Each structure stands twice: as structure tokens, then as C-alpha cells.
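Peer 1: Would you mind keeping the following structure in view while I ask a few things?
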Amino acid sequence: MSNTETRPAELRCGTPEDGVPGAGVEILTARNVPLGGPRAMTVRRTLPQRARTLIGAWCFADHYGPDDVAESGGMDVAPHPHTGLQTVSWLFSGEIEHRDSLGSHAFVRPGELNLMTGGFGISHSEVSTPGTTILHGVQLWVALPEEHRNADRDFQHHVPAPVPLNGGEVRVFLGSLAGDTSPVRTFTPLLGAEVSVAPGATVTLGVDARFEHGVLVDSGDVRVEGTVVRPAELGYAAPGRTTLTLTNEAPEAARLVLLGGPPFQEEIVMWWNFIGRSHEEIVRAREDWMKGTRFGEVHGYDGAPLPAPELPNAPLKPRGRVR
């Protein structure tokens with residue numbers, strides 16, 4: 001998914017300050033961002049923000065729906081570029097058609113992972129299909145580390161099997177959890193999973209103590225280590241935990257996306273759809289996109305590519321752990 005804001009803020013993403021294990025869960029609230037058009041579909045963005053810019057290498061989280069396509073027009077994101085990241089698409093309902101400059105033509109469906117690598121440069125489009133009535137899901141980005149940030153274009157698809165839990169169910173689309181491991185390749189250790197918790201149930205998951213974790217709640221009020229995280233909120237838990245306890249006190253099932261990874265130790269600059277290390281690198285990426293070089297072509301989309309917004313007047317500066 002593109003960051004389609006016409007005047008995107010400069011976002012400096014670096015490792016957040018280490019929290020104190022057991023000190024509670026930090027609540028990150030979302031801001032609404034329209035995807036564009038006269039009947040814009042609105043997404044709820046919890047990463048990045050001023051309070052915290054990354055969770056592990058996860059640097060971008062958009063949560064959308066349930067969206068009535070008859071009212072909003074659905075998703076229609078024209079070809080746009082990416083550098084220095086991987087995109088992770090995960091749906092709860094609906095269907096999205098994906099095309100990219102690698103030549104991939106695939107569909108994003110509920111319970112199926114599509115992961116695209118845009119290291120040195122890739123472009124893609126995303127359009128909800130005609131049969132979609134309700135669109136509901138998350139779009140996530142992962143920052144690539146220095147060693148791999150110019151990686152070749154790539155596209156991976158995976159359908160994780162549901163793993164039953166005592167009081168719920170988990171689908172592991174990246175990393176390892178609850179005895180299941182995703183085969184999808186990443187460039188830093190990561191965790192990504194959809195977790196459902198039955199009404200009135202408590203689920204305790206064994207997690208990697210090196211990881212910081214984010215709990216993005218889709219439905220239900222979920223108590224994470226004793227702190228209530230409401231729908232569209234993201235709860236942050238610092239490294240140092242070997243378990244993560246999730247409680248659903250409501251009479252309906254709760255659903256959430258669990259993200260994790262070791263704190264990202266590099267300074268990066270994030271602007272529009274680019275992740276780089278310097279102002280000059282972002283300028284070059286923008287120029288290459290506007291000139292039609294580097295990113296390749298997306299075939300099969302009916303329409304023009306998205307133009308890049310204007311750069312801010314002040315130079316973009318890389319920042320580290322503290323913003």
C-alpha cells in the first residue's frame with residue numbers, strides 16, 4: 001500500500017528507547033489517513049508516529065475496515081514505488097489484486113500472506129476486486145537493514161495453517177510462535193501473526209525475550225499484560241518478556257495482529273514510500289520515480305502511476321533511537 005498523503009511528514013525511524021520489562025504496556029492510538037479520491041477509503045495508521053516509530057523492524061502499520069466498498073469505492077492505489085523495505089499484506093475479508101514490476105500478478109485473500117521486497121526499487125498497484133463487498137485488513141512495512149536494503153525485487157506468498165490454542169487460535173505468517181514457523185524469508189528476525197481469543201478466555205504465548213512486541217487490536221477489548229488495548233489501538237510491550245498474556249473479557253471473540261522483533265539498531269529516513277539513510281538518497285529515489293527509471297513498470301493497471309509529492313524545504317535527517 002502506498003502512503004498517499006500529498007504532503008507526507010518527514011518520519012525519522014530508529015530504535016525506540018528500551019522499555020522496562022514488566023513496566024506495563026504503552027498504548028499507541030491511530031490517526032485517520034484517507035487513501036485519496038472523492039470517496040476516499042480511510043485507514044487507521046498506528047506506525048509510524050511521534051510516540052514510537054518502530055517495533056522491531058516493523059515501521060508502518062495501516063489498519064482498515066470493515067469498509068463497505070459500495071460506499072467508499074474500495075481500494076484503488078495506482079502504481080507507486082518502494083525502496084528499502086518489504087510490504088506485508090494481510091486481509092480479514094475481501095480481496096485485493098496485486099501487480100508489480102517484477103511481473104507478479106497475485107491476489108491478497110483472507111488468511112493468506114503476500115510479502116513483496118522492494119530493496120533497490122520496485123513498484124506495484126493494489127485494487128480491490130469487483131466481487132469484494134467488505135474490505136478489512138492490515139498493510140504493514142518492514143525496514144530492511146543496511147546489509148540488505150538494496151536487495152533484489154521479490155514476491156512471496158504463504159498460507160499459514162491455523163494453530164489451535166487453549167482459548168484461541170493463531171496463524172503465523174512471519175517468524176515462529178506457538179510451535180509453528182513461517183517459511184517466508186525476511187532480512188531481520190520478525191514475528192507476525194493473527195491471534196484470535198475466545199470469549200472470556202486467556203491465552204499465554206511464549207515469546208522471544210529479545211523481541212519488543214506490538215499488539216494491534218482489530219476487534220474486542222483485549223487485556224495485554226493487564227492493560228486494556230481497544231480496537232484500532234496498538235499496545236507496545238518492551239523486550240525482556242518470555243511470555244505475553246492476552247485476555248478477552250468480552251462475550252464475543254477478539255482478534256488481533258501480533259508483531260515483534262529485536263529493536264532495530266540503525267538510523268533510517270522514511271519519507272513517502274521510500275526508506276533510505278540520507279536526504280540525498282531520498283531525493284535520488286524521487287527523481288528516479290518521476291523520470292520512470294529504476295522501479296520498472298506495472299503492467300495491467302488501467303491508469304497512470306502516482307506522482308511523488310514535493311519534498312519538504314528542510315533537508316531530511318536520519319535519526320536514531322530517540323526522535
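Lettering and numbering for the C-alpha cells are positional, with chains as A, B, ... in the shown order, residues counted from 1 in each chain, and ligands counted from 1 in the shown order.
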Name the residues in contact with A:Asp180 at a cut-off of 10 Å, using only C-alpha atoms, excluding same-chain residues fewer than 6 positions from it; report them as a list in words.
Peer 2: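 After dropping sequence-adjacent residues, the list is Pro160, Ala161, Pro162, Val163, Val170, Arg171, Val172, Phe173 and Leu174 of chain A.
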Peer 1: Within 10 Å of stretch 69-88 of chain A, which residues of stretch 117-206 of chain A show up? Give each one with its shortest atom-to-atom distance in Å (one decimal) and the two atoms involved, counting only C-alpha atoms, rows by chain then rising residue number, as a Markdown table.
Peer 2:
```
| residue | atom | partner | partner_atom | distance |
| --- | --- | --- | --- | --- |
| A:Thr117 | CA | A:Gln86 | CA | 4.4 |
| A:Gly118 | CA | A:Thr83 | CA | 5.2 |
| A:Gly119 | CA | A:Gly84 | CA | 4.4 |
| A:Phe120 | CA | A:Thr83 | CA | 5.5 |
| A:Gly121 | CA | A:Thr83 | CA | 4.8 |
| A:Ile122 | CA | A:His82 | CA | 5.5 |
| A:Ser123 | CA | A:Pro81 | CA | 4.2 |
| A:His124 | CA | A:Pro79 | CA | 4.9 |
| A:Ser125 | CA | A:Pro79 | CA | 4.3 |
| A:Glu126 | CA | A:Val77 | CA | 5.1 |
| A:Val127 | CA | A:Asp76 | CA | 4.4 |
| A:Ser128 | CA | A:Met75 | CA | 5.1 |
| A:Thr129 | CA | A:Met75 | CA | 8.7 |
| A:Pro130 | CA | A:Gly74 | CA | 9.4 |
| A:Gly131 | CA | A:Val69 | CA | 9.8 |
| A:Thr132 | CA | A:Val69 | CA | 7.1 |
| A:Thr133 | CA | A:Val69 | CA | 5.4 |
| A:Ile134 | CA | A:Val69 | CA | 5.9 |
| A:Leu135 | CA | A:Val69 | CA | 6.8 |
| A:Val138 | CA | A:Val88 | CA | 8.3 |
| A:Gln139 | CA | A:Val88 | CA | 5.9 |
| A:Leu140 | CA | A:Val88 | CA | 4.9 |
| A:Trp141 | CA | A:Thr87 | CA | 4.6 |
| A:Val142 | CA | A:Gln86 | CA | 5.1 |
| A:Ala143 | CA | A:Leu85 | CA | 4.6 |
| A:Leu144 | CA | A:Leu85 | CA | 5.1 |
| A:Pro145 | CA | A:Gly84 | CA | 8.2 |
| A:Glu146 | CA | A:Gly84 | CA | 8.8 |
| A:His148 | CA | A:Gly84 | CA | 8.2 |
| A:Arg149 | CA | A:Gly84 | CA | 4.7 |
| A:Asn150 | CA | A:Gly84 | CA | 6.4 |
| A:Ala151 | CA | A:Gly84 | CA | 8.0 |
| A:Arg153 | CA | A:Gln86 | CA | 9.6 |
| A:Asp154 | CA | A:Gln86 | CA | 9.1 |
| A:Phe155 | CA | A:Gln86 | CA | 9.4 |
| A:Gln156 | CA | A:Val88 | CA | 9.7 |
| A:Phe173 | CA | A:Val88 | CA | 9.4 |
| A:Leu174 | CA | A:Val88 | CA | 9.5 |
| A:Thr186 | CA | A:Gln86 | CA | 8.4 |
| A:Phe187 | CA | A:Gln86 | CA | 9.3 |
| A:Gly192 | CA | A:Val88 | CA | 9.4 |
```
Peer 1: Those residues you just picked out, can you put them in a file as a short mmCIF file (atom, residue, chain, number, x, y, z; two decimals), in the first residue's frame with C-alpha atoms?
Peer 2:
```cif
data_model
loop_
_atom_site.label_atom_id
_atom_site.label_comp_id
_atom_site.auth_asym_id
_atom_site.auth_seq_id
_atom_site.Cartn_x
_atom_site.Cartn_y
_atom_site.Cartn_z
CA THR A 117 10.54 -6.96 -1.30
CA GLY A 118 11.37 -3.55 -2.71
CA GLY A 119 15.03 -3.13 -1.85
CA PHE A 120 16.75 -1.03 -4.51
CA GLY A 121 13.37 -0.31 -6.10
CA ILE A 122 10.03 -1.84 -7.05
CA SER A 123 6.60 -0.52 -7.99
CA HIS A 124 3.16 -2.05 -7.59
CA SER A 125 -0.58 -1.39 -7.68
CA GLU A 126 -3.37 -2.58 -5.37
CA VAL A 127 -7.04 -2.72 -6.34
CA SER A 128 -9.95 -4.36 -4.55
CA THR A 129 -11.68 -6.87 -6.83
CA PRO A 130 -15.22 -6.41 -8.23
CA GLY A 131 -16.58 -9.21 -6.06
CA THR A 132 -15.41 -7.55 -2.84
CA THR A 133 -18.23 -6.10 -0.73
CA ILE A 134 -16.44 -5.62 2.61
CA LEU A 135 -12.73 -4.80 2.72
CA VAL A 138 -3.84 -4.56 7.59
CA GLN A 139 -0.94 -3.34 5.48
CA LEU A 140 2.48 -3.41 7.12
CA TRP A 141 6.02 -2.40 6.16
CA VAL A 142 9.34 -3.79 7.36
CA ALA A 143 12.54 -1.73 7.17
CA LEU A 144 15.46 -3.55 5.56
CA PRO A 145 18.82 -3.49 7.38
CA GLU A 146 21.87 -1.84 5.83
CA HIS A 148 20.16 -5.91 2.55
CA ARG A 149 18.48 -2.60 1.87
CA ASN A 150 19.31 -2.79 -1.86
CA ALA A 151 18.06 -6.36 -2.16
CA ARG A 153 12.88 -7.45 -6.07
CA ASP A 154 11.00 -10.42 -4.72
CA PHE A 155 7.47 -11.63 -4.05
CA GLN A 156 6.41 -14.41 -1.67
CA PHE A 173 2.60 -15.52 8.77
CA LEU A 174 6.15 -14.48 9.75
CA THR A 186 12.89 -11.94 5.99
CA PHE A 187 16.11 -9.98 6.50
CA GLY A 192 3.85 -11.59 12.55
#
```
Peer 1: Would you mind telling me which residue in A:Val215, A:Met270, A:Leu191, A:Leu91 lies nearest to A:Thr245 when using only C-alpha atoms?
Peer 2: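 Closest residue, counting only C-alpha atoms: A:Val215.
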Peer 1: From the DSSP assignment of the backbone, select every residue of stretch 29-151 of chain A that is strand (DSSP E or B), and format the answer as a count of residues only.
Peer 2: 72
Peer 1: What does the distance between atom CA of A:Trp90 and atom CA of A:Val108 come to in Å, to one decimal place?
Peer 2: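 Between these atoms lies a distance of 7.1 Å.
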Peer 1: A:Lys291: which residues within 12 Å, counting only C-alpha atoms, same-chain residues fewer than 5 positions away excluded, as JSON, numbers by chain?
Peer 2: {"A": [284, 285, 286, 296, 305, 307, 308]}
Peer 1: Go ahead and save the residues from that selection, with all heavy atoms, as a tab-separated table (two decimals), in the first residue's frame.
Peer 2:
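In the end it all went to result_13.tsv:
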```
chain	number	residue	atom	x	y	z
A	284	ARG	N	17.23	11.16	-4.74
A	284	ARG	CA	17.52	10.35	-5.94
A	284	ARG	C	16.38	9.39	-6.23
A	284	ARG	O	16.00	9.20	-7.40
A	284	ARG	CB	18.82	9.57	-5.75
A	284	ARG	CG	20.08	10.43	-5.86
A	284	ARG	CD	21.31	9.57	-6.00
A	284	ARG	NE	21.52	8.68	-4.85
A	284	ARG	CZ	22.19	9.03	-3.76
A	284	ARG	NH1	22.71	10.25	-3.67
A	284	ARG	NH2	22.35	8.18	-2.77
A	285	ALA	N	15.83	8.78	-5.20
A	285	ALA	CA	14.72	7.84	-5.41
A	285	ALA	C	13.52	8.56	-6.00
A	285	ALA	O	12.87	8.06	-6.93
A	285	ALA	CB	14.35	7.17	-4.09
A	286	ARG	N	13.21	9.73	-5.48
A	286	ARG	CA	12.09	10.51	-6.01
A	286	ARG	C	12.33	10.87	-7.46
A	286	ARG	O	11.43	10.77	-8.31
A	286	ARG	CB	11.86	11.76	-5.17
A	286	ARG	CG	10.65	12.57	-5.62
A	286	ARG	CD	10.55	13.91	-4.91
A	286	ARG	NE	9.34	14.63	-5.33
A	286	ARG	CZ	9.24	15.30	-6.48
A	286	ARG	NH1	10.27	15.36	-7.31
A	286	ARG	NH2	8.10	15.91	-6.80
A	296	GLY	N	10.93	0.07	-12.64
A	296	GLY	CA	10.23	-0.81	-13.55
A	296	GLY	C	8.80	-0.38	-13.80
A	296	GLY	O	8.35	0.66	-13.30
A	305	PRO	N	0.52	6.15	-13.13
A	305	PRO	CA	1.17	5.96	-11.83
A	305	PRO	C	0.94	7.17	-10.93
A	305	PRO	O	0.62	8.27	-11.39
A	305	PRO	CB	2.65	5.83	-12.18
A	305	PRO	CG	2.70	5.52	-13.64
A	305	PRO	CD	1.49	6.16	-14.24
A	307	PRO	N	2.04	10.27	-8.90
A	307	PRO	CA	3.20	11.17	-8.87
A	307	PRO	C	3.71	11.31	-7.44
A	307	PRO	O	2.94	11.21	-6.48
A	307	PRO	CB	2.63	12.50	-9.38
A	307	PRO	CG	1.18	12.44	-9.00
A	307	PRO	CD	0.77	11.00	-9.10
A	308	ALA	N	5.00	11.53	-7.31
A	308	ALA	CA	5.58	11.74	-5.98
A	308	ALA	C	5.24	13.14	-5.48
A	308	ALA	O	5.22	14.09	-6.26
A	308	ALA	CB	7.09	11.56	-6.03
```
Peer 1: Using the chain letters and numbers from this document, which residues of stretch 197-308 of chain A does DSSP assign to helix (DSSP H, G or I), as an MDAnalysis selection string?
Peer 2: chainID A and resid 279:291
Peer 1: What's around stretch 200-208 of chain A at 8 Å? Count only C-alpha atoms, leave out sequence neighbours fewer than 2 positions away in its own chain, and write the answer as a list in words.
Peer 2: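 Those residues are Leu165, Asn166, Gly167, Gly168, Leu177, Ala178, Val197, Ala198, Arg210, Phe211, Arg241, Thr242, Thr243, Leu244, Thr245, Leu246, Thr247, Asn248, Glu249, Ala250 and Pro251 of chain A.
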Peer 1: Counting only C-alpha atoms, which of A:Leu306, A:Ala253, A:Pro263, A:Val298 gets nearest to A:Leu35?
Peer 2: A:Leu306
Peer 1: Between atom CA of A:Glu267 and atom CA of A:Pro318, measure the distance and give it in Å to one decimal.
Peer 2: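 Atom-to-atom, atom CA of A:Glu267 and atom CA of A:Pro318 are spaced 5.7 Å apart.
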Peer 1: Please measure the separation of atom CA of A:Glu212 and atom CA of A:Val195, giving the value in Å to one decimal.
Peer 2: 17.0 Å
Peer 1: For stretch 46-61 of chain A, list every protein, DNA or RNA residue within 8 Å, evaluated using only C-alpha atoms, and leave out those in the same chain fewer than 2 positions away; present the list as a PyMOL selection string.
Peer 2: chain A and resi 11-16+28-31+44+63+138-144+188+190+211-214+233-234+236+259-264+323
